[in-house]
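Source file: my_file-v3.cif (mmCIF, C-alpha atoms)
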data_model
loop_
_atom_site.label_atom_id
_atom_site.label_comp_id
_atom_site.auth_asym_id
_atom_site.auth_seq_id
_atom_site.Cartn_x
_atom_site.Cartn_y
_atom_site.Cartn_z
CA MET G 21 10.47 -32.59 -11.54
CA SER G 22 12.73 -30.32 -9.48
CA GLU G 23 13.52 -31.05 -5.86
CA PRO G 24 11.14 -29.42 -3.36
CA LEU G 25 12.57 -26.84 -0.96
CA ASN G 26 13.10 -28.21 2.53
CA SER G 27 12.10 -26.07 5.51
CA GLU G 28 15.66 -24.92 6.15
CA ALA G 29 16.09 -23.79 2.52
CA PHE G 30 12.68 -22.09 2.68
CA ARG G 31 13.69 -20.14 5.80
CA ALA G 32 17.00 -19.13 4.21
CA TYR G 33 15.12 -17.96 1.12
CA ALA G 34 12.67 -15.97 3.27
CA ARG G 35 15.58 -14.31 5.10
CA ARG G 36 17.21 -13.34 1.81
CA CYS G 37 13.94 -11.87 0.48
CA SER G 38 13.41 -9.92 3.72
CA LEU G 39 16.94 -8.57 3.51
CA VAL G 40 16.38 -7.40 -0.08
CA PHE G 41 13.15 -5.70 0.99
CA LEU G 42 14.90 -3.93 3.87
CA ILE G 43 17.69 -2.69 1.59
CA VAL G 44 15.15 -1.49 -1.01
CA ALA G 45 13.17 0.29 1.74
CA CYS G 46 16.32 1.99 3.09
CA MET G 47 17.38 2.99 -0.42
CA THR G 48 13.93 4.45 -1.06
CA LEU G 49 14.18 6.55 2.10
CA LEU G 50 17.68 7.59 1.01
CA MET G 51 16.24 8.75 -2.32
CA VAL G 52 13.56 10.77 -0.55
CA GLY G 53 16.20 12.27 1.76
CA ALA G 54 18.38 13.18 -1.22
CA SER G 55 15.44 14.93 -2.87
CA TYR G 56 15.09 17.22 0.16
CA MET G 57 18.78 18.15 0.15
CA ARG G 58 19.37 21.63 -1.14
CA LEU G 59 22.31 20.91 -3.43
CA GLN G 60 23.60 23.78 -5.59
CA ASN G 61 23.56 21.56 -8.63
CA HIS G 62 20.03 20.29 -9.30
CA ALA G 63 21.37 17.90 -11.95
CA LEU G 64 23.60 16.30 -9.29
CA THR G 65 20.57 15.70 -7.05
CA ILE G 66 18.71 14.06 -9.95
CA GLY G 67 21.80 11.98 -10.71
CA ILE G 68 22.06 10.75 -7.10
CA ILE G 69 18.35 9.90 -6.97
CA LEU G 70 18.43 8.00 -10.26
CA ALA G 71 21.62 6.17 -9.24
CA VAL G 72 19.89 4.96 -6.06
CA ALA G 73 16.84 3.96 -8.14
CA CYS G 74 19.14 1.93 -10.40
CA VAL G 75 20.59 0.12 -7.35
CA ASN G 76 17.04 -0.68 -6.19
CA ALA G 77 16.12 -1.92 -9.66
CA GLY G 78 19.27 -4.05 -9.73
CA LEU G 79 18.35 -5.66 -6.42
CA VAL G 80 14.82 -6.43 -7.58
CA ALA G 81 15.97 -7.78 -10.96
CA GLY G 82 18.95 -9.66 -9.55
CA TYR G 83 17.51 -11.28 -6.45
CA LEU G 84 13.72 -11.19 -6.75
CA MET G 85 13.61 -11.97 -10.49
CA HIS G 86 16.53 -14.42 -10.05
CA LEU G 87 18.56 -12.80 -12.82
CA ILE G 88 21.66 -13.42 -10.76
CA SER G 89 21.39 -17.13 -11.56
CA GLU G 90 19.45 -17.32 -14.81
CA GLN G 91 20.04 -19.24 -18.03
CA LYS G 92 22.11 -17.89 -20.93
CA MET G 93 18.98 -17.68 -23.11
CA ILE G 94 17.40 -15.11 -20.79
CA TYR G 95 20.60 -13.06 -20.61
CA THR G 96 20.84 -13.04 -24.42
CA LEU G 97 17.27 -11.81 -24.64
CA LEU G 98 17.94 -9.07 -22.13
CA VAL G 99 21.12 -7.95 -23.87
CA PHE G 100 19.11 -7.36 -27.04
CA THR G 101 16.43 -5.53 -25.03
CA GLY G 102 19.15 -3.41 -23.43
CA ILE G 103 20.60 -2.49 -26.84
CA PHE G 104 17.19 -1.41 -28.17
CA PHE G 105 16.37 0.45 -24.94
CA ALA G 106 19.72 2.26 -25.03
CA GLY G 107 19.04 3.17 -28.67
CA LEU G 108 15.61 4.54 -27.75
CA MET G 109 17.00 6.64 -24.91
CA GLY G 110 19.95 7.72 -27.07
CA LEU G 111 17.55 8.94 -29.74
CA SER G 112 15.59 10.88 -27.09
CA ILE G 113 18.73 12.59 -25.81
CA PHE G 114 19.91 13.25 -29.36
CA ALA G 115 16.50 14.69 -30.29
CA SER G 116 16.32 16.82 -27.14
CA HIS G 117 19.43 18.69 -28.31
CA ASP G 118 17.55 19.58 -31.47
CA VAL G 119 14.72 21.35 -29.65
CA PRO G 120 16.39 24.74 -29.04
CA ALA G 121 17.63 24.84 -32.63
CA LEU G 122 14.16 24.09 -33.96
CA LEU G 123 12.64 26.76 -31.73
CA HIS G 124 15.26 29.22 -32.91
CA GLN G 125 14.49 28.46 -36.56
CA THR G 126 10.79 28.99 -35.94
CA VAL G 127 11.38 32.32 -34.24
CA THR G 128 13.82 33.69 -36.84
CA ARG G 129 11.88 32.48 -39.88
CA MET W 26 -2.91 -32.71 -26.78
CA ASP W 27 0.02 -32.18 -24.43
CA ILE W 28 1.73 -28.82 -24.55
CA PRO W 29 5.48 -29.49 -24.48
CA TYR W 30 7.91 -28.01 -21.97
CA THR W 31 5.39 -26.62 -19.49
CA VAL W 32 7.28 -28.26 -16.63
CA GLU W 33 10.65 -29.53 -17.78
CA ALA W 34 13.25 -27.24 -19.34
CA ARG W 35 13.52 -27.19 -23.11
CA PRO W 36 16.98 -28.56 -24.01
CA ASP W 37 18.01 -25.73 -26.33
CA THR W 38 16.92 -22.82 -24.08
CA GLY W 39 17.50 -24.38 -20.66
CA VAL W 40 14.18 -23.07 -19.30
CA TYR W 41 10.53 -24.03 -19.65
CA ASN W 42 8.58 -22.32 -22.43
CA ALA W 43 6.33 -20.08 -20.33
CA LYS W 44 9.35 -18.45 -18.75
CA VAL W 45 10.88 -17.60 -22.14
CA GLY W 46 7.48 -16.30 -23.21
CA MET W 47 7.19 -14.10 -20.13
CA TRP W 48 10.68 -12.66 -20.59
CA LEU W 49 9.91 -11.91 -24.26
CA PHE W 50 6.72 -10.15 -23.14
CA LEU W 51 8.65 -8.20 -20.51
CA ALA W 52 11.16 -7.17 -23.18
CA SER W 53 8.28 -5.65 -25.18
CA GLU W 54 7.04 -3.99 -22.00
CA VAL W 55 10.46 -2.43 -21.45
CA MET W 56 10.13 -0.78 -24.86
CA LEU W 57 6.55 0.35 -24.15
CA PHE W 58 7.47 2.08 -20.90
CA GLY W 59 10.79 3.14 -22.44
CA GLY W 60 8.88 5.06 -25.11
CA LEU W 61 6.84 6.86 -22.47
CA PHE W 62 9.92 7.62 -20.35
CA SER W 63 11.49 8.94 -23.52
CA ALA W 64 8.46 11.21 -24.02
CA TYR W 65 8.85 12.39 -20.42
CA ILE W 66 12.52 13.26 -21.01
CA LEU W 67 11.68 15.20 -24.18
CA LEU W 68 8.84 17.12 -22.49
CA ARG W 69 10.95 17.93 -19.47
CA VAL W 70 14.09 18.97 -21.34
CA ALA W 71 12.08 21.11 -23.75
CA ALA W 72 10.13 22.85 -20.93
CA LEU W 73 11.10 26.50 -20.56
CA GLU W 74 12.76 27.63 -17.31
CA GLY W 75 10.25 27.78 -14.46
CA THR W 76 7.44 26.02 -16.31
CA TRP W 77 8.04 22.46 -15.04
CA PRO W 78 6.20 21.80 -11.76
CA HIS W 79 7.93 20.68 -8.56
CA GLY W 80 6.27 19.31 -5.45
CA TRP W 81 2.87 18.79 -6.98
CA LEU W 82 2.68 15.19 -5.82
CA SER W 83 2.62 13.85 -2.27
CA VAL W 84 6.06 12.40 -1.49
CA PRO W 85 4.86 10.57 1.69
CA LEU W 86 2.11 8.80 -0.29
CA GLY W 87 4.50 7.98 -3.12
CA THR W 88 7.04 6.60 -0.63
CA LEU W 89 4.36 4.52 1.05
CA ASN W 90 3.25 3.11 -2.29
CA THR W 91 6.86 2.25 -3.17
CA LEU W 92 7.24 0.32 0.08
CA ILE W 93 3.89 -1.43 -0.41
CA LEU W 94 4.82 -2.55 -3.91
CA ALA W 95 8.29 -3.69 -2.77
CA LEU W 96 6.69 -5.69 0.04
CA SER W 97 4.20 -7.25 -2.37
CA ALA W 98 7.14 -8.29 -4.59
CA VAL W 99 8.56 -10.18 -1.61
CA THR W 100 5.24 -11.81 -0.70
CA THR W 101 4.65 -12.99 -4.27
CA LEU W 102 8.12 -14.54 -4.23
CA MET W 103 7.35 -16.20 -0.92
CA ALA W 104 4.13 -17.56 -2.47
CA TRP W 105 6.25 -19.20 -5.18
CA ALA W 106 8.77 -20.50 -2.62
CA SER W 107 5.86 -21.97 -0.65
CA CYS W 108 4.81 -23.89 -3.75
CA LYS W 109 8.39 -25.11 -4.16
CA ALA W 110 8.31 -26.22 -0.51
CA ARG W 111 4.99 -28.04 -1.17
CA ARG W 112 3.21 -25.83 1.35
CA PHE W 113 -0.01 -24.92 -0.43
CA ASP W 114 -1.50 -23.41 2.75
CA ARG W 115 1.37 -20.91 2.94
CA TYR W 116 1.04 -20.18 -0.77
CA LYS W 117 -2.58 -19.16 -0.22
CA VAL W 118 -1.63 -16.83 2.63
CA PHE W 119 1.25 -15.13 0.81
CA GLN W 120 -0.71 -14.72 -2.42
CA ALA W 121 -3.65 -13.25 -0.48
CA ILE W 122 -1.28 -10.76 1.17
CA THR W 123 0.07 -9.82 -2.26
CA LEU W 124 -3.46 -9.18 -3.51
CA LEU W 125 -4.28 -7.12 -0.43
CA LEU W 126 -1.15 -5.00 -0.86
CA ALA W 127 -2.02 -4.45 -4.53
CA VAL W 128 -5.50 -3.26 -3.52
CA ILE W 129 -3.97 -0.85 -0.97
CA PHE W 130 -1.58 0.43 -3.66
CA LEU W 131 -4.49 1.13 -6.01
CA CYS W 132 -6.53 2.79 -3.25
CA ILE W 133 -3.67 5.18 -2.49
CA LYS W 134 -3.23 5.88 -6.20
CA GLY W 135 -6.96 6.49 -6.50
CA TYR W 136 -6.83 8.94 -3.60
CA GLU W 137 -3.99 10.79 -5.32
CA TYR W 138 -5.95 10.94 -8.59
CA GLN W 139 -9.03 12.19 -6.78
CA ASP W 140 -6.92 14.85 -5.06
CA LYS W 141 -5.67 16.08 -8.45
CA LEU W 142 -9.10 16.01 -10.05
CA ARG W 143 -10.59 18.10 -7.21
CA HIS W 144 -7.71 20.58 -7.36
CA TYR W 145 -8.66 23.62 -9.46
CA GLU W 146 -6.94 26.61 -10.93
CA ILE W 147 -9.32 29.50 -11.55
CA VAL W 148 -8.23 32.53 -13.59
CA LEU W 149 -10.30 35.58 -12.69
CA LYS W 150 -11.22 38.43 -15.02
CA ASP W 151 -9.15 40.85 -12.89
CA GLY W 152 -6.01 38.75 -13.62
CA ARG W 153 -5.71 37.06 -10.23
CA ILE W 154 -5.44 33.29 -10.03
CA ALA W 155 -7.15 31.23 -7.34
CA ASP W 156 -5.70 27.79 -6.70
CA GLY W 157 -7.05 25.14 -4.36
CA HIS W 158 -9.32 22.18 -3.78
CA LEU W 159 -12.98 22.40 -4.64
CA VAL W 160 -15.20 22.57 -1.58
CA GLU W 161 -18.51 23.39 -3.23
CA SER W 162 -19.81 24.27 -6.67
CA ARG W 163 -23.10 26.19 -6.83
CA PRO W 164 -24.87 27.81 -9.81
CA GLY W 165 -23.79 31.29 -8.68
CA GLU W 166 -20.43 30.67 -7.04
CA VAL W 167 -17.51 28.30 -6.53
CA VAL W 168 -15.93 27.67 -3.13
CA LEU W 169 -12.28 26.63 -2.96
CA HIS W 170 -9.97 25.80 -0.08
CA GLY W 171 -6.80 27.41 -1.37
CA ARG W 172 -5.00 30.68 -2.00
CA TYR W 173 -4.60 33.53 -4.48
CA VAL W 174 -1.42 33.83 -6.53
CA ALA W 175 -0.22 36.61 -8.80
CA ASN W 176 0.93 34.43 -11.72
CA HIS W 177 1.46 30.88 -12.97
CA ALA W 178 5.12 30.86 -11.98
CA GLU W 179 4.07 30.88 -8.31
CA LEU W 180 2.06 27.71 -8.89
CA MET W 181 4.99 25.77 -10.34
CA ASP W 182 6.65 25.20 -6.96
CA GLY W 183 4.21 23.31 -4.77
CA ARG W 184 6.76 22.60 -2.02
CA HIS W 185 5.89 25.79 -0.08
CA PRO W 186 2.22 26.45 -0.79
CA GLY W 187 1.67 29.02 1.97
CA ALA W 188 -1.49 29.54 4.01
CA HIS W 189 -4.78 28.22 2.63
CA GLU W 190 -8.20 29.68 3.32
CA GLU W 191 -11.75 29.36 2.09
CA ILE W 192 -12.21 31.39 -1.10
CA ARG W 193 -15.65 32.24 -2.52
CA ILE W 194 -15.65 33.20 -6.19
CA GLU W 195 -18.68 34.41 -8.13
CA ARG W 196 -19.06 32.60 -11.42
CA ALA W 197 -19.42 35.94 -13.25
CA GLN W 198 -15.83 36.78 -12.23
CA ILE W 199 -14.37 33.60 -13.67
CA GLN W 200 -12.51 33.76 -16.95
CA ARG W 201 -11.21 30.18 -17.00
CA ILE W 202 -11.54 27.21 -14.65
CA GLN W 203 -9.57 23.98 -14.96
CA ASN W 204 -8.74 21.09 -12.70
CA TYR W 205 -5.35 19.36 -12.43
CA GLY W 206 -6.45 16.54 -14.70
CA PRO W 207 -4.49 15.21 -17.70
CA ALA W 208 -5.39 18.27 -19.81
CA HIS W 209 -3.96 20.76 -17.31
CA ASN W 210 -0.39 20.80 -18.64
CA THR W 211 2.30 18.50 -20.03
CA PHE W 212 3.35 17.37 -16.53
CA THR W 213 -0.12 16.20 -15.53
CA ALA W 214 -0.58 14.65 -19.00
CA ILE W 215 2.56 12.51 -18.71
CA TYR W 216 1.87 11.84 -15.01
CA PHE W 217 -1.59 10.43 -15.67
CA THR W 218 -0.39 8.52 -18.75
CA LEU W 219 2.57 6.86 -17.00
CA THR W 220 0.85 6.11 -13.70
CA GLY W 221 -2.41 5.16 -15.47
CA LEU W 222 -0.62 2.60 -17.66
CA HIS W 223 1.25 1.33 -14.61
CA GLY W 224 -2.05 1.09 -12.72
CA LEU W 225 -3.52 -1.00 -15.56
CA HIS W 226 -0.56 -3.36 -15.20
CA VAL W 227 -1.22 -3.59 -11.46
CA ILE W 228 -4.87 -4.49 -12.19
CA GLY W 229 -3.73 -7.06 -14.79
CA GLY W 230 -1.37 -8.65 -12.29
CA MET W 231 -4.10 -8.71 -9.65
CA LEU W 232 -6.48 -10.51 -12.03
CA VAL W 233 -3.85 -13.19 -12.71
CA PHE W 234 -3.04 -13.56 -9.00
CA ALA W 235 -6.74 -13.73 -8.14
CA TYR W 236 -7.20 -16.51 -10.72
CA LEU W 237 -4.19 -18.43 -9.41
CA TRP W 238 -5.42 -17.98 -5.85
CA GLY W 239 -9.00 -18.99 -6.67
CA PRO W 240 -10.16 -21.23 -9.56
CA GLY W 241 -6.69 -21.67 -11.08
CA SER W 242 -5.34 -23.21 -7.89
CA ALA W 243 -7.21 -26.44 -8.70
CA MET W 244 -4.20 -27.34 -10.83
CA TRP W 245 -2.20 -27.81 -7.62
CA LYS W 246 -3.99 -31.13 -7.09
CA THR W 247 -3.35 -32.45 -10.61
CA ASP W 248 -0.02 -30.90 -11.64
CA PRO W 249 1.71 -29.01 -8.78
CA GLU W 250 4.95 -28.48 -10.70
CA ARG W 251 3.17 -26.77 -13.59
CA PHE W 252 1.13 -24.68 -11.15
CA THR W 253 4.36 -23.61 -9.43
CA ASN W 254 5.74 -22.50 -12.80
CA ARG W 255 2.58 -20.47 -13.42
CA VAL W 256 3.06 -18.75 -10.07
CA GLU W 257 6.67 -18.04 -11.00
CA VAL W 258 5.91 -16.38 -14.36
CA ALA W 259 3.07 -14.35 -12.81
CA GLY W 260 5.58 -13.27 -10.16
CA LEU W 261 8.05 -12.23 -12.86
CA PHE W 262 5.41 -9.91 -14.30
CA TRP W 263 4.70 -8.52 -10.83
CA HIS W 264 8.41 -7.81 -10.24
CA PHE W 265 8.48 -5.94 -13.53
CA VAL W 266 5.52 -3.83 -12.36
CA ASP W 267 7.54 -3.11 -9.20
CA LEU W 268 10.61 -2.26 -11.29
CA VAL W 269 8.67 0.28 -13.35
CA TRP W 270 7.38 1.93 -10.18
CA ILE W 271 10.93 2.08 -8.77
CA PHE W 272 11.71 4.49 -11.63
CA LEU W 273 8.33 6.22 -11.81
CA PHE W 274 8.47 7.27 -8.17
CA PRO W 275 11.73 9.26 -8.28
CA VAL W 276 11.10 10.62 -11.78
CA LEU W 277 7.62 11.98 -11.05
CA TYR W 278 7.68 12.65 -7.30
CA LEU W 279 11.27 13.50 -6.38
CA THR W 280 13.02 15.26 -9.26
#
Starting from the file, give its structure as structure tokens.
Amino acid sequence: MSEPLNSEAFRAYARRCSLVFLIVACMTLLMVGASYMRLQNHALTIGIILAVACVNAGLVAGYLMHLISEQKMIYTLLVFTGIFFAGLMGLSIFASHDVPALLHQTVTR
Amino acid sequence: MDIPYTVEARPDTGVYNAKVGMWLFLASEVMLFGGLFSAYILLRVAALEGTWPHGWLSVPLGTLNTLILALSAVTTLMAWASCKARRFDRYKVFQAITLLLAVIFLCIKGYEYQDKLRHYEIVLKDGRIADGHLVESRPGEVVLHGRYVANHAELMDGRHPGAHEEIRIERAQIQRIQNYGPAHNTFTAIYFTLTGLHGLHVIGGMLVFAYLWGPGSAMWKTDPERFTNRVEVAGLFWHFVDLVWIFLFPVLYLT
């Protein structure tokens, strides 16, 4: 049976969780602000927004899901998931480059 | 029969079995949502210039829902920490707050769905297009609160909708009428699919939390350590639901 949290440890944990929430909230507002910016390059805006979303996701996974201090077994499992997920997204990007060519073939046939 | 490793860590994995099980389940969930995000990318990249909608969804409501879900992720973690601190009274409070926040999230989502389902595009026989929210539908006429546009391209950018007024349209003038439901276009189809599946996960999480808050909490008296582990794995699922929304919000509402 693991040791129970004492009240000091509980308060420290609560402070850490509150801090993560505040950062996530600020990052969310930053994302919304970035979406209203009129950047010349729309792809850059999307890139900034998704980068901030990744930071938010990292905070949630790292601190709230305790991935920052997890066992090797869980990391191994996630590495495999990451490989398959990257493959899935890679296939999507690869396939998306095929779309104009397919359309062209249909039109010229 | 005793189920092994419900409390103590299994020597070869270093964690108790339910936690490994939950992470394996979450790995499959990553691929499920990954497939749908992949579909979104393909639909969006393949969309012709000017045919992908912008500003169709309420950014303030989406932001509010993001904050609500993030806060609920913290309260569910505090519920688990309360169990670890042997403070069952606090656990009950934090878990109840989590449930309440989840209900608020679903109510806001429901309002957004209702807003889309009452939003109509009406193509008239003279070529004009009326776009707005349904006020009244009678046998002879339809009343919208909206505006007329010259073509579909004007409807794609919802960020500057212009002035709205009450529009009365005789049914005899209508060539086609369609709401902004899943069948409207590829954007609404993927929007309802992604957020609908996410919403089902929210409901699933709520059912588990409600059980752990209500009848399932009896285990606290007999096996508090095992109950704490149950709260932890349920929390892991809830954090995943939050993670998915962290990507859904910018992808659907902001880009």
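Distance-wise, CA of Glu195 (chain W) and CA of Glu161 (chain W) end up 12.1 Å apart.
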Exercise: residues within 12 Å of coordinate (18.2, -20.3, -9.2), counting all atoms listed in the file, as a PyMOL selection string: (chain G and resi 22+25+33+82-91) or (chain W and resi 40+106+257)
Distance query Gly152 (chain W) at most 9 Å, only C-alpha atoms, self and fewer than 6 positions along chain excluded, as an NGL selection string: :W and (175-176 or 200)
Proximity to chain W - best of G:Met47, G:Pro24, G:Arg35, G:His117, all atoms listed in the file: G:Pro24
Residue list for chain G near chain W as a VMD selection string, 8 Å, all atoms listed in the file: chain G and resid 21 24 to 27 30 33 to 34 37 to 38 41 44 to 45 48 to 49 51 to 52 55 65 to 66 69 to 70 73 to 74 76 to 77 80 to 81 84 to 85 91 to 94 97 to 98 101 104 to 105 108 to 109 112 to 113 115 to 116 119 to 120
Atom-to-atom span, CA of Ile199 (chain W) and CA of Ile147 (chain W), Å: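 Computed distance, CA of Ile199 (chain W) to CA of Ile147 (chain W), equals 6.8 Å.
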Result set of the PyMOL selection byres ((chain W and resi 190) around 12) on the coordinates above, as number ranges by chain: W: 155-160, 168-173, 186-189, 191-193
Go through the shown structure with the PyMOL selection byres ((chain W and resi 164) around 12) and write out the matching residues as a PDB file with C-alpha atoms, in the frame of the given file.
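After the write, expr14.pdb holds the following:
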ATOM      1  CA  GLU W 161     -18.510  23.390  -3.230  1.00  0.00           C
ATOM      2  CA  SER W 162     -19.810  24.270  -6.670  1.00  0.00           C
ATOM      3  CA  ARG W 163     -23.100  26.190  -6.830  1.00  0.00           C
ATOM      4  CA  GLY W 165     -23.790  31.290  -8.680  1.00  0.00           C
ATOM      5  CA  GLU W 166     -20.430  30.670  -7.040  1.00  0.00           C
ATOM      6  CA  VAL W 167     -17.510  28.300  -6.530  1.00  0.00           C
ATOM      7  CA  VAL W 168     -15.930  27.670  -3.130  1.00  0.00           C
ATOM      8  CA  ILE W 194     -15.650  33.200  -6.190  1.00  0.00           C
ATOM      9  CA  GLU W 195     -18.680  34.410  -8.130  1.00  0.00           C
ATOM     10  CA  ARG W 196     -19.060  32.600 -11.420  1.00  0.00           C
ATOM     11  CA  ALA W 197     -19.420  35.940 -13.250  1.00  0.00           C
TER      12      ALA W 197
END
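Using the PyMOL selection byres ((chain W and resi 76) around 10) on the file at hand returns these residues: W:Arg69, W:Ala72, W:Leu73, W:Glu74, W:Gly75, W:Trp77, W:Pro78, W:His79, W:His177, W:Ala178, W:Glu179, W:Leu180, W:Met181, W:Asp182, W:Asn210, W:Thr211, W:Phe212.
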Among listed residues G:Phe114, G:Gly67, G:Leu79, G:Gly102, nearest Leu42 (chain G) (using all atoms listed in the file): G:Leu79
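What separates CA of Gln198 (chain W) from CA of Arg143 (chain W) is a distance of 20.0 Å.
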Find the smallest box with edges along x, y and z containing every listed atom of region 68-77 of chain G, then add 5 Å on each side and report centre and edge lengths in Å to one decimal, as AutoDock Vina command-line options.
--center_x 19.1 --center_y 4.4 --center_z -8.2 --size_x 15.9 --size_y 22.7 --size_z 14.3
